[in-house]
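Student: Got model.pdb for you, PDB, C-alpha atoms:
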ATOM      1  CA  MET E   1     -76.470   4.849 -73.946
ATOM      2  CA  LYS E   2     -76.727   5.421 -70.203
ATOM      3  CA  ILE E   3     -78.487   3.233 -67.641
ATOM      4  CA  TYR E   4     -79.677   4.345 -64.211
ATOM      5  CA  PRO E   5     -81.140   2.352 -61.298
ATOM      6  CA  ILE E   6     -84.420   3.953 -60.218
ATOM      7  CA  GLU E   7     -85.404   3.245 -56.632
ATOM      8  CA  THR E   8     -89.146   3.766 -56.178
ATOM      9  CA  GLY E   9     -89.581   2.451 -52.630
ATOM     10  CA  ASN E  10     -89.287  -0.473 -50.244
ATOM     11  CA  PHE E  11     -91.959  -2.738 -48.840
ATOM     12  CA  LYS E  12     -92.369  -5.993 -46.925
ATOM     13  CA  LEU E  13     -93.803  -9.361 -47.916
ATOM     14  CA  ASP E  14     -94.347 -12.614 -46.092
ATOM     15  CA  GLY E  15     -91.142 -14.634 -46.294
ATOM     16  CA  GLY E  16     -92.984 -17.916 -46.580
ATOM     17  CA  ALA E  17     -94.921 -16.673 -49.600
ATOM     18  CA  MET E  18     -91.691 -15.456 -51.179
ATOM     19  CA  PHE E  19     -89.971 -18.843 -50.841
ATOM     20  CA  GLY E  20     -92.793 -21.343 -51.261
ATOM     21  CA  VAL E  21     -91.963 -24.823 -49.949
ATOM     22  CA  VAL E  22     -88.454 -23.903 -48.733
ATOM     23  CA  PRO E  23     -88.253 -23.945 -44.906
ATOM     24  CA  LYS E  24     -87.679 -20.678 -43.092
ATOM     25  CA  VAL E  25     -84.545 -22.042 -41.426
ATOM     26  CA  LEU E  26     -82.974 -22.037 -44.897
ATOM     27  CA  TRP E  27     -84.306 -18.902 -46.599
ATOM     28  CA  GLN E  28     -83.800 -16.618 -43.594
ATOM     29  CA  ARG E  29     -80.036 -16.994 -44.016
ATOM     30  CA  THR E  30     -80.185 -14.664 -47.011
ATOM     31  CA  ASN E  31     -83.499 -12.882 -46.376
ATOM     32  CA  PRO E  32     -83.951 -12.400 -42.616
ATOM     33  CA  ALA E  33     -87.533 -11.981 -41.420
ATOM     34  CA  ASP E  34     -88.903  -9.707 -38.718
ATOM     35  CA  SER E  35     -91.144 -10.838 -35.864
ATOM     36  CA  ASN E  36     -94.127 -10.955 -38.233
ATOM     37  CA  ASN E  37     -92.268 -13.178 -40.727
ATOM     38  CA  LEU E  38     -91.942 -10.260 -43.165
ATOM     39  CA  ILE E  39     -88.858  -9.698 -45.315
ATOM     40  CA  ASP E  40     -87.591  -6.460 -46.854
ATOM     41  CA  MET E  41     -88.213  -5.977 -50.566
ATOM     42  CA  SER E  42     -87.301  -3.227 -53.002
ATOM     43  CA  LEU E  43     -89.192  -1.742 -55.943
ATOM     44  CA  ARG E  44     -86.182  -1.050 -58.163
ATOM     45  CA  CYS E  45     -86.784   0.009 -61.745
ATOM     46  CA  MET E  46     -84.354   0.760 -64.570
ATOM     47  CA  LEU E  47     -84.031   3.826 -66.787
ATOM     48  CA  ILE E  48     -82.336   3.569 -70.188
ATOM     49  CA  GLU E  49     -81.254   6.769 -71.913
ATOM     50  CA  ASP E  50     -80.588   5.927 -75.550
ATOM     51  CA  GLY E  51     -80.363   8.837 -77.954
ATOM     52  CA  ASN E  52     -83.677  10.668 -77.908
ATOM     53  CA  ARG E  53     -85.441   7.818 -76.113
ATOM     54  CA  LEU E  54     -85.866   7.429 -72.390
ATOM     55  CA  ILE E  55     -87.114   3.932 -71.540
ATOM     56  CA  LEU E  56     -88.364   3.075 -68.059
ATOM     57  CA  ILE E  57     -88.557  -0.620 -67.186
ATOM     58  CA  ASP E  58     -91.353  -1.190 -64.653
ATOM     59  CA  THR E  59     -92.849   1.567 -62.501
ATOM     60  CA  GLY E  60     -93.276   0.280 -58.938
ATOM     61  CA  THR E  61     -96.588   0.424 -57.116
ATOM     62  CA  GLY E  62     -97.429   4.086 -57.541
ATOM     63  CA  ASN E  63     -99.345   5.911 -54.811
ATOM     64  CA  LYS E  64    -102.996   5.893 -55.868
ATOM     65  CA  GLN E  65    -104.181   2.889 -53.859
ATOM     66  CA  SER E  66    -106.006   3.277 -50.560
ATOM     67  CA  ASP E  67    -104.330   3.479 -47.170
ATOM     68  CA  LYS E  68    -105.880   0.106 -46.365
ATOM     69  CA  PHE E  69    -104.257  -1.451 -49.437
ATOM     70  CA  PHE E  70    -100.838  -0.028 -48.625
ATOM     71  CA  SER E  71    -101.130  -1.121 -44.986
ATOM     72  CA  TYR E  72    -100.781  -4.734 -46.140
ATOM     73  CA  TYR E  73     -97.303  -4.082 -47.533
ATOM     74  CA  PHE E  74     -95.581  -1.959 -44.862
ATOM     75  CA  PHE E  75     -93.853   0.535 -47.139
ATOM     76  CA  PHE E  76     -90.752   2.181 -45.714
ATOM     77  CA  GLY E  77     -87.892   4.481 -46.722
ATOM     78  CA  ASN E  78     -87.689   7.787 -48.555
ATOM     79  CA  TYR E  79     -87.435   6.644 -52.165
ATOM     80  CA  SER E  80     -89.927   7.643 -54.840
ATOM     81  CA  LEU E  81     -90.046   7.457 -58.617
ATOM     82  CA  ASP E  82     -90.026  11.229 -59.025
ATOM     83  CA  THR E  83     -87.096  11.882 -56.689
ATOM     84  CA  SER E  84     -85.085   9.087 -58.292
ATOM     85  CA  LEU E  85     -85.727  10.451 -61.777
ATOM     86  CA  ALA E  86     -84.835  13.958 -60.593
ATOM     87  CA  LYS E  87     -81.531  12.655 -59.212
ATOM     88  CA  TYR E  88     -80.436  12.083 -62.812
ATOM     89  CA  GLY E  89     -82.028  15.236 -64.189
ATOM     90  CA  PHE E  90     -85.245  13.749 -65.555
ATOM     91  CA  HIS E  91     -88.987  14.172 -65.100
ATOM     92  CA  ARG E  92     -91.711  11.611 -65.761
ATOM     93  CA  ASN E  93     -92.846  13.706 -68.745
ATOM     94  CA  ASP E  94     -89.462  12.998 -70.359
ATOM     95  CA  ILE E  95     -90.162   9.261 -70.506
ATOM     96  CA  THR E  96     -90.772   8.066 -74.077
ATOM     97  CA  ASP E  97     -91.382   4.377 -73.364
ATOM     98  CA  VAL E  98     -92.590   2.387 -70.343
ATOM     99  CA  PHE E  99     -91.701  -1.294 -70.668
ATOM    100  CA  LEU E 100     -93.646  -3.499 -68.265
ATOM    101  CA  THR E 101     -92.165  -6.905 -67.490
ATOM    102  CA  HIS E 102     -95.639  -7.961 -66.364
ATOM    103  CA  LEU E 103     -98.782  -6.380 -64.974
ATOM    104  CA  HIS E 104     -98.744  -7.334 -61.287
ATOM    105  CA  PHE E 105     -99.413  -4.210 -59.216
ATOM    106  CA  ASP E 106     -95.880  -3.920 -57.823
ATOM    107  CA  HIS E 107     -94.490  -3.733 -61.368
ATOM    108  CA  CYS E 108     -97.021  -1.546 -63.157
ATOM    109  CA  GLY E 109     -98.936   0.383 -60.484
ATOM    110  CA  GLY E 110     -96.905   3.544 -61.033
ATOM    111  CA  SER E 111     -97.952   3.648 -64.684
ATOM    112  CA  ILE E 112    -101.387   5.069 -63.867
ATOM    113  CA  GLN E 113    -102.273   7.894 -61.506
ATOM    114  CA  TRP E 114    -105.418   9.427 -60.102
ATOM    115  CA  ASN E 115    -106.069  12.754 -61.820
ATOM    116  CA  LYS E 116    -105.362  15.639 -59.444
ATOM    117  CA  ASN E 117    -108.669  17.198 -60.446
ATOM    118  CA  GLN E 118    -110.372  13.945 -59.395
ATOM    119  CA  THR E 119    -111.749  13.240 -62.846
ATOM    120  CA  GLY E 120    -110.479   9.664 -63.044
ATOM    121  CA  TYR E 121    -107.428   7.547 -63.738
ATOM    122  CA  GLU E 122    -104.884   8.641 -66.325
ATOM    123  CA  PRO E 123    -101.384   7.661 -67.515
ATOM    124  CA  ALA E 124     -98.647   8.896 -65.191
ATOM    125  CA  PHE E 125     -96.367   9.251 -68.240
ATOM    126  CA  LYS E 126     -98.311  11.365 -70.683
ATOM    127  CA  ASN E 127     -95.707  11.266 -73.462
ATOM    128  CA  ALA E 128     -94.802   7.572 -73.265
ATOM    129  CA  LYS E 129     -95.769   4.412 -75.082
ATOM    130  CA  PHE E 130     -96.668   1.535 -72.755
ATOM    131  CA  TRP E 131     -95.261  -1.841 -73.819
ATOM    132  CA  SER E 132     -96.734  -5.241 -72.941
ATOM    133  CA  ASN E 133     -97.519  -8.312 -75.083
ATOM    134  CA  LYS E 134    -100.838  -9.693 -76.296
ATOM    135  CA  ASN E 135    -100.675 -12.992 -74.415
ATOM    136  CA  HIS E 136     -99.900 -11.408 -71.082
ATOM    137  CA  TRP E 137    -102.438  -8.643 -71.622
ATOM    138  CA  LYS E 138    -105.177 -11.221 -72.126
ATOM    139  CA  TRP E 139    -103.901 -13.135 -69.073
ATOM    140  CA  ALA E 140    -104.069  -9.968 -66.961
ATOM    141  CA  THR E 141    -107.414  -8.640 -68.186
ATOM    142  CA  GLU E 142    -109.098 -12.050 -67.823
ATOM    143  CA  PRO E 143    -107.336 -13.064 -64.598
ATOM    144  CA  ASN E 144    -107.353 -16.458 -62.960
ATOM    145  CA  PRO E 145    -108.485 -16.580 -59.302
ATOM    146  CA  ARG E 146    -104.895 -17.053 -58.088
ATOM    147  CA  GLU E 147    -103.618 -13.807 -59.609
ATOM    148  CA  LYS E 148    -106.766 -11.694 -59.555
ATOM    149  CA  ALA E 149    -105.620  -9.707 -56.520
ATOM    150  CA  SER E 150    -102.387  -8.760 -58.314
ATOM    151  CA  PHE E 151    -103.977  -7.639 -61.597
ATOM    152  CA  LEU E 152    -105.795  -4.451 -60.615
ATOM    153  CA  LYS E 153    -108.118  -3.004 -63.252
ATOM    154  CA  GLU E 154    -107.221   0.562 -62.329
ATOM    155  CA  ASN E 155    -103.578  -0.181 -63.187
ATOM    156  CA  ILE E 156    -104.335  -1.851 -66.499
ATOM    157  CA  ASN E 157    -107.477  -0.648 -68.270
ATOM    158  CA  PRO E 158    -106.494   3.058 -68.420
ATOM    159  CA  MET E 159    -103.394   2.153 -70.481
ATOM    160  CA  GLU E 160    -105.582   0.795 -73.253
ATOM    161  CA  ALA E 161    -108.127   3.607 -72.945
ATOM    162  CA  SER E 162    -105.363   6.197 -73.331
ATOM    163  CA  GLY E 163    -104.315   4.910 -76.752
ATOM    164  CA  GLN E 164    -100.722   4.639 -75.504
ATOM    165  CA  LEU E 165    -100.663   0.836 -75.252
ATOM    166  CA  ASN E 166     -98.388  -1.144 -77.572
ATOM    167  CA  PHE E 167     -97.521  -4.835 -77.834
ATOM    168  CA  VAL E 168     -94.156  -6.408 -78.556
ATOM    169  CA  THR E 169     -94.002  -9.482 -80.770
ATOM    170  CA  ILE E 170     -93.586 -12.849 -79.042
ATOM    171  CA  PRO E 171     -90.975 -14.982 -80.856
ATOM    172  CA  ILE E 172     -91.467 -18.698 -81.467
ATOM    173  CA  ASN E 173     -88.522 -19.657 -79.245
ATOM    174  CA  ASN E 174     -89.412 -17.138 -76.476
ATOM    175  CA  PHE E 175     -86.168 -15.171 -76.974
ATOM    176  CA  ALA E 176     -85.456 -12.494 -79.553
ATOM    177  CA  LYS E 177     -84.132  -9.003 -80.110
ATOM    178  CA  ASN E 178     -86.791  -6.334 -80.016
ATOM    179  CA  THR E 179     -85.939  -3.815 -82.711
ATOM    180  CA  GLU E 180     -88.449  -1.265 -81.411
ATOM    181  CA  LEU E 181     -86.785  -0.993 -78.007
ATOM    182  CA  GLY E 182     -83.239  -2.047 -78.848
ATOM    183  CA  PHE E 183     -82.719  -4.943 -76.441
ATOM    184  CA  ASP E 184     -83.260  -8.699 -76.306
ATOM    185  CA  ILE E 185     -86.297 -10.081 -74.468
ATOM    186  CA  LEU E 186     -86.670 -13.481 -72.827
ATOM    187  CA  PHE E 187     -90.296 -14.560 -72.323
ATOM    188  CA  ALA E 188     -90.929 -16.717 -69.238
ATOM    189  CA  ASP E 189     -94.163 -18.421 -68.215
ATOM    190  CA  GLY E 190     -93.551 -19.871 -64.746
ATOM    191  CA  HIS E 191     -94.317 -16.826 -62.604
ATOM    192  CA  THR E 192     -97.088 -15.528 -64.833
ATOM    193  CA  ASP E 193     -97.862 -15.945 -68.506
ATOM    194  CA  LYS E 194     -95.308 -14.291 -70.807
ATOM    195  CA  GLN E 195     -93.344 -12.274 -68.277
ATOM    196  CA  MET E 196     -90.687 -10.319 -70.212
ATOM    197  CA  ILE E 197     -87.037 -10.291 -69.111
ATOM    198  CA  PRO E 198     -84.922  -7.604 -70.883
ATOM    199  CA  HIS E 199     -81.284  -8.366 -71.806
ATOM    200  CA  ILE E 200     -79.386  -5.123 -72.436
ATOM    201  CA  GLN E 201     -75.907  -4.767 -73.958
ATOM    202  CA  TYR E 202     -74.133  -2.009 -72.058
ATOM    203  CA  GLN E 203     -70.489  -1.014 -71.719
ATOM    204  CA  GLY E 204     -69.367  -4.351 -73.138
ATOM    205  CA  LYS E 205     -71.465  -6.383 -70.675
ATOM    206  CA  THR E 206     -74.922  -7.967 -70.600
ATOM    207  CA  ILE E 207     -77.294  -6.612 -67.967
ATOM    208  CA  VAL E 208     -80.443  -8.637 -67.390
ATOM    209  CA  PHE E 209     -83.427  -7.049 -65.666
ATOM    210  CA  ALA E 210     -84.387 -10.184 -63.745
ATOM    211  CA  ALA E 211     -87.858  -9.061 -62.567
ATOM    212  CA  ASP E 212     -89.680 -11.971 -60.896
ATOM    213  CA  LEU E 213     -87.687 -14.708 -62.595
ATOM    214  CA  LEU E 214     -85.080 -13.973 -59.894
ATOM    215  CA  PRO E 215     -86.450 -11.568 -57.262
ATOM    216  CA  THR E 216     -83.436 -11.647 -54.869
ATOM    217  CA  VAL E 217     -80.068 -13.373 -54.507
ATOM    218  CA  GLY E 218     -81.808 -15.670 -52.038
ATOM    219  CA  HIS E 219     -83.783 -17.164 -54.922
ATOM    220  CA  ILE E 220     -80.788 -18.477 -56.882
ATOM    221  CA  PRO E 221     -81.021 -22.166 -55.760
ATOM    222  CA  LEU E 222     -83.516 -23.875 -58.071
ATOM    223  CA  PRO E 223     -86.096 -25.011 -55.461
ATOM    224  CA  TYR E 224     -86.297 -21.473 -54.022
ATOM    225  CA  VAL E 225     -89.408 -20.519 -55.957
ATOM    226  CA  MET E 226     -92.047 -18.013 -54.894
ATOM    227  CA  GLY E 227     -95.413 -19.235 -53.679
ATOM    228  CA  TYR E 228     -96.861 -16.583 -56.004
ATOM    229  CA  ASP E 229     -95.695 -18.421 -59.144
ATOM    230  CA  THR E 230     -98.528 -19.962 -61.146
ATOM    231  CA  ARG E 231     -96.381 -22.786 -62.600
ATOM    232  CA  PRO E 232     -93.587 -23.420 -60.068
ATOM    233  CA  LEU E 233     -92.161 -26.494 -61.818
ATOM    234  CA  LEU E 234     -91.878 -24.492 -65.034
ATOM    235  CA  THR E 235     -90.196 -21.683 -63.095
ATOM    236  CA  MET E 236     -87.538 -24.162 -61.979
ATOM    237  CA  ASP E 237     -86.867 -25.230 -65.564
ATOM    238  CA  GLU E 238     -86.792 -21.645 -66.815
ATOM    239  CA  LYS E 239     -84.563 -20.536 -63.968
ATOM    240  CA  ALA E 240     -82.159 -23.457 -64.523
ATOM    241  CA  ALA E 241     -81.701 -22.570 -68.195
ATOM    242  CA  PHE E 242     -81.415 -18.875 -67.444
ATOM    243  CA  LEU E 243     -78.903 -19.213 -64.587
ATOM    244  CA  ASN E 244     -76.706 -21.635 -66.508
ATOM    245  CA  LYS E 245     -76.497 -19.148 -69.346
ATOM    246  CA  ALA E 246     -75.931 -16.289 -66.890
ATOM    247  CA  ALA E 247     -72.992 -18.173 -65.376
ATOM    248  CA  ASP E 248     -71.597 -19.160 -68.791
ATOM    249  CA  GLU E 249     -71.781 -15.646 -70.209
ATOM    250  CA  ASN E 250     -71.153 -13.635 -67.019
ATOM    251  CA  TYR E 251     -74.433 -11.751 -67.036
ATOM    252  CA  TYR E 252     -74.928  -8.936 -64.539
ATOM    253  CA  LEU E 253     -78.336  -9.568 -63.007
ATOM    254  CA  PHE E 254     -80.268  -6.437 -62.084
ATOM    255  CA  LEU E 255     -82.420  -7.301 -59.072
ATOM    256  CA  GLU E 256     -85.785  -5.568 -58.860
ATOM    257  CA  HIS E 257     -86.825  -6.818 -55.431
ATOM    258  CA  ASP E 258     -83.566  -7.317 -53.512
ATOM    259  CA  ALA E 259     -83.529  -4.625 -50.830
ATOM    260  CA  THR E 260     -79.760  -4.974 -50.292
ATOM    261  CA  ASN E 261     -78.211  -5.874 -53.639
ATOM    262  CA  GLN E 262     -78.707  -4.023 -56.908
ATOM    263  CA  LEU E 263     -76.638  -6.373 -59.064
ATOM    264  CA  CYS E 264     -75.193  -9.847 -58.828
ATOM    265  CA  THR E 265     -73.286 -12.378 -60.868
ATOM    266  CA  VAL E 266     -73.511 -16.165 -60.604
ATOM    267  CA  LYS E 267     -71.084 -19.063 -61.089
ATOM    268  CA  HIS E 268     -71.096 -22.824 -61.580
ATOM    269  CA  THR E 269     -70.364 -24.913 -58.478
ATOM    270  CA  GLU E 270     -70.613 -28.588 -57.510
ATOM    271  CA  LYS E 271     -74.055 -27.797 -56.055
ATOM    272  CA  GLY E 272     -75.240 -26.058 -59.216
ATOM    273  CA  VAL E 273     -75.305 -22.372 -60.075
ATOM    274  CA  ARG E 274     -74.727 -20.213 -57.031
ATOM    275  CA  LEU E 275     -74.097 -16.565 -56.168
ATOM    276  CA  ASN E 276     -70.730 -15.242 -57.263
ATOM    277  CA  GLN E 277     -70.610 -11.566 -56.260
ATOM    278  CA  THR E 278     -72.988  -8.705 -55.459
ATOM    279  CA  TYR E 279     -72.527  -5.068 -56.418
ATOM    280  CA  LYS E 280     -73.969  -1.613 -56.288
ATOM    281  CA  PHE E 281     -74.706  -0.474 -59.822
ATOM    282  CA  ASN E 282     -72.088   2.278 -59.803
ATOM    283  CA  GLN E 283     -69.366  -0.161 -58.743
ATOM    284  CA  ILE E 284     -69.537  -1.746 -62.221
ATOM    285  CA  PHE E 285     -71.054   0.853 -64.507
ATOM    286  CA  ASN E 286     -70.333   4.563 -64.774
TER
END
Using structure tokens, write down the structure from this file.
Tutor:
Amino acid sequence: MKIYPIETGNFKLDGGAMFGVVPKVLWQRTNPADSNNLIDMSLRCMLIEDGNRLILIDTGTGNKQSDKFFSYYFFFGNYSLDTSLAKYGFHRNDITDVFLTHLHFDHCGGSIQWNKNQTGYEPAFKNAKFWSNKNHWKWATEPNPREKASFLKENINPMEASGQLNFVTIPINNFAKNTELGFDILFADGHTDKQMIPHIQYQGKTIVFAADLLPTVGHIPLPYVMGYDTRPLLTMDEKAAFLNKAADENYYLFLEHDATNQLCTVKHTEKGVRLNQTYKFNQIFN
């Protein structure tokens, strides 16, 4: 097995929205804001090469939305999904599986593209299976008013229409090994219903693709919960259990949205679980 970090771009979001009730004077210590109160965010995906399978976890925003839509998010930098795949010798047509932690546009938008012949939307990975779960799919296709702007029909419906959509099984205890994909999955409901958090055994260590359970290192303290979360009190409980286990078992947390840090570890302190160290991926894994 080989794992690669796939940088698909950087964007900006309102710092207040990213940290909910936490005052700016506190969160800006780790996530400094610009004059418009915007903080830098990454769209970092993960590629797993395992035998004859090539599994991509999340796909970024893609590029099919309108200029007006993208103007809200202030994209910057030179990263793209295709150039990042090419860096490791791959093409999007090589992808066998696309695993989507959840269906918010910044996690699944790159899954669907506008056909170059302008005949409609189509899968951006023509040879891949798309993986979600039934509960979250229903949540996303019948969205609540709070999340409606994040669940875009053009990102979601074409997956089902293509016949490439598959669902993983949700275990009773919300944590189980997925035999189809070869890694453990934690299901979390605080951010959105049945977000999936992959736990991958790699080079004798556990890498966890933290997705929106832990967007950045700045979100490690329990009250630092995004304003986007639908059940913030549940997020705190889920994050407490997750971070305690991460500290106990020395997980390497792969950060999807941290513009500076690709990986981090956490440790127990008198104040609770806190940041231990941060790393670039290639500092730990080769």
Student: Enumerate, as a PDB file with C-alpha atoms, keeping the file's coordinate frame, the residues matched when the PyMOL selection byres ((chain E and resi 225) around 8) is run on the file above.
Tutor:
ATOM      1  CA  MET E  18     -91.691 -15.456 -51.179  1.00  0.00           C
ATOM      2  CA  PHE E  19     -89.971 -18.843 -50.841  1.00  0.00           C
ATOM      3  CA  GLY E  20     -92.793 -21.343 -51.261  1.00  0.00           C
ATOM      4  CA  VAL E  21     -91.963 -24.823 -49.949  1.00  0.00           C
ATOM      5  CA  HIS E 219     -83.783 -17.164 -54.922  1.00  0.00           C
ATOM      6  CA  LEU E 222     -83.516 -23.875 -58.071  1.00  0.00           C
ATOM      7  CA  PRO E 223     -86.096 -25.011 -55.461  1.00  0.00           C
ATOM      8  CA  TYR E 224     -86.297 -21.473 -54.022  1.00  0.00           C
ATOM      9  CA  MET E 226     -92.047 -18.013 -54.894  1.00  0.00           C
ATOM     10  CA  GLY E 227     -95.413 -19.235 -53.679  1.00  0.00           C
ATOM     11  CA  ASP E 229     -95.695 -18.421 -59.144  1.00  0.00           C
ATOM     12  CA  PRO E 232     -93.587 -23.420 -60.068  1.00  0.00           C
ATOM     13  CA  THR E 235     -90.196 -21.683 -63.095  1.00  0.00           C
ATOM     14  CA  MET E 236     -87.538 -24.162 -61.979  1.00  0.00           C
TER      15      MET E 236
END
Student: So, with all atoms listed in the file as the atoms that count, which of E:Phe281, E:Trp131, E:Phe187, E:Tyr228 lies closest to E:Glu160?
Tutor: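 Between E:Phe281, E:Trp131, E:Phe187, E:Tyr228, the residue approaching E:Glu160 most closely is E:Trp131.
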Student: Which residues would end up in the selection if the PyMOL selection byres ((chain E and resi 201) around 10) were applied here, given that I need the answer as JSON, numbers by chain?
Tutor: {"E": [1, 182, 183, 184, 198, 199, 200, 202, 203, 204, 205, 206, 207, 208, 251]}
Student: List the spatial neighbours of E:Phe11 as a list in words - criterion: any atom at most 9 Å away, all atoms listed in the file, same-chain residues fewer than 5 positions off excluded.
Tutor: Ile39, Asp40, Met41, Ser42, Leu43, Tyr73, Phe74, Phe75, Phe76, Gly77 and Ala259 of chain E
Student: Enumerate, as a list in words, the residues matched when the PyMOL selection byres ((chain E and resi 94) around 10) is run on the file above.
Tutor: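 This file gives the following for the PyMOL selection byres ((chain E and resi 94) around 10): Asn52, Arg53, Leu54, Ile55, Leu85, Gly89, Phe90, His91, Arg92, Asn93, Ile95, Thr96, Asp97, Phe125, Lys126, Asn127 and Ala128 of chain E.
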Student: Using atom CA of E:Thr101 and atom CA of E:Asp67 as the two end points, give the distance in Å to one decimal.
Tutor: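 For atom CA of E:Thr101 relative to atom CA of E:Asp67, the distance reads 25.9 Å.
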Student: Can you sort out stretch 143-150 of chain E so it carries all heavy atoms, written as a PDB file, in the frame of the given file?
Tutor:
ATOM      1  N   PRO E 143    -108.225 -12.407 -65.564  1.00  0.00           N
ATOM      2  CA  PRO E 143    -107.336 -13.064 -64.598  1.00  0.00           C
ATOM      3  C   PRO E 143    -107.896 -14.348 -64.004  1.00  0.00           C
ATOM      4  O   PRO E 143    -109.106 -14.503 -63.822  1.00  0.00           O
ATOM      5  CB  PRO E 143    -107.163 -11.997 -63.514  1.00  0.00           C
ATOM      6  CG  PRO E 143    -108.410 -11.175 -63.583  1.00  0.00           C
ATOM      7  CD  PRO E 143    -108.759 -11.134 -65.047  1.00  0.00           C
ATOM      8  N   ASN E 144    -106.991 -15.256 -63.695  1.00  0.00           N
ATOM      9  CA  ASN E 144    -107.353 -16.458 -62.960  1.00  0.00           C
ATOM     10  C   ASN E 144    -107.526 -16.098 -61.483  1.00  0.00           C
ATOM     11  O   ASN E 144    -107.024 -15.063 -61.022  1.00  0.00           O
ATOM     12  CB  ASN E 144    -106.273 -17.529 -63.141  1.00  0.00           C
ATOM     13  CG  ASN E 144    -104.911 -17.069 -62.664  1.00  0.00           C
ATOM     14  OD1 ASN E 144    -104.640 -17.003 -61.469  1.00  0.00           O
ATOM     15  ND2 ASN E 144    -104.024 -16.731 -63.607  1.00  0.00           N
ATOM     16  N   PRO E 145    -108.231 -16.912 -60.717  1.00  0.00           N
ATOM     17  CA  PRO E 145    -108.485 -16.580 -59.302  1.00  0.00           C
ATOM     18  C   PRO E 145    -107.213 -16.411 -58.472  1.00  0.00           C
ATOM     19  O   PRO E 145    -107.192 -15.626 -57.528  1.00  0.00           O
ATOM     20  CB  PRO E 145    -109.306 -17.774 -58.804  1.00  0.00           C
ATOM     21  CG  PRO E 145    -109.956 -18.322 -60.020  1.00  0.00           C
ATOM     22  CD  PRO E 145    -108.968 -18.130 -61.130  1.00  0.00           C
ATOM     23  N   ARG E 146    -106.139 -17.113 -58.845  1.00  0.00           N
ATOM     24  CA  ARG E 146    -104.895 -17.053 -58.088  1.00  0.00           C
ATOM     25  C   ARG E 146    -104.230 -15.685 -58.194  1.00  0.00           C
ATOM     26  O   ARG E 146    -103.646 -15.192 -57.240  1.00  0.00           O
ATOM     27  CB  ARG E 146    -103.951 -18.145 -58.590  1.00  0.00           C
ATOM     28  CG  ARG E 146    -102.639 -18.267 -57.818  1.00  0.00           C
ATOM     29  CD  ARG E 146    -101.802 -19.393 -58.419  1.00  0.00           C
ATOM     30  NE  ARG E 146    -100.513 -19.512 -57.784  1.00  0.00           N
ATOM     31  CZ  ARG E 146    -100.265 -20.238 -56.709  1.00  0.00           C
ATOM     32  NH1 ARG E 146    -101.252 -20.903 -56.139  1.00  0.00           N
ATOM     33  NH2 ARG E 146     -99.044 -20.312 -56.198  1.00  0.00           N
ATOM     34  N   GLU E 147    -104.321 -15.074 -59.372  1.00  0.00           N
ATOM     35  CA  GLU E 147    -103.618 -13.807 -59.609  1.00  0.00           C
ATOM     36  C   GLU E 147    -104.537 -12.587 -59.605  1.00  0.00           C
ATOM     37  O   GLU E 147    -104.063 -11.462 -59.773  1.00  0.00           O
ATOM     38  CB  GLU E 147    -102.884 -13.852 -60.949  1.00  0.00           C
ATOM     39  CG  GLU E 147    -101.664 -14.749 -60.980  1.00  0.00           C
ATOM     40  CD  GLU E 147    -100.983 -14.694 -62.331  1.00  0.00           C
ATOM     41  OE1 GLU E 147    -101.458 -15.407 -63.247  1.00  0.00           O
ATOM     42  OE2 GLU E 147    -100.009 -13.952 -62.471  1.00  0.00           O
ATOM     43  N   LYS E 148    -105.812 -12.794 -59.424  1.00  0.00           N
ATOM     44  CA  LYS E 148    -106.766 -11.694 -59.555  1.00  0.00           C
ATOM     45  C   LYS E 148    -106.431 -10.517 -58.658  1.00  0.00           C
ATOM     46  O   LYS E 148    -106.591  -9.354 -59.038  1.00  0.00           O
ATOM     47  CB  LYS E 148    -108.178 -12.198 -59.266  1.00  0.00           C
ATOM     48  CG  LYS E 148    -109.274 -11.190 -59.581  1.00  0.00           C
ATOM     49  CD  LYS E 148    -110.642 -11.821 -59.420  1.00  0.00           C
ATOM     50  CE  LYS E 148    -111.742 -10.829 -59.798  1.00  0.00           C
ATOM     51  NZ  LYS E 148    -113.098 -11.440 -59.665  1.00  0.00           N
ATOM     52  N   ALA E 149    -105.933 -10.790 -57.457  1.00  0.00           N
ATOM     53  CA  ALA E 149    -105.620  -9.707 -56.520  1.00  0.00           C
ATOM     54  C   ALA E 149    -104.375  -8.926 -56.920  1.00  0.00           C
ATOM     55  O   ALA E 149    -104.130  -7.836 -56.391  1.00  0.00           O
ATOM     56  CB  ALA E 149    -105.432 -10.279 -55.109  1.00  0.00           C
ATOM     57  N   SER E 150    -103.595  -9.460 -57.850  1.00  0.00           N
ATOM     58  CA  SER E 150    -102.387  -8.760 -58.314  1.00  0.00           C
ATOM     59  C   SER E 150    -102.616  -7.964 -59.585  1.00  0.00           C
ATOM     60  O   SER E 150    -101.884  -7.022 -59.880  1.00  0.00           O
ATOM     61  CB  SER E 150    -101.259  -9.772 -58.551  1.00  0.00           C
ATOM     62  OG  SER E 150    -100.826 -10.340 -57.337  1.00  0.00           O
TER      63      SER E 150
END
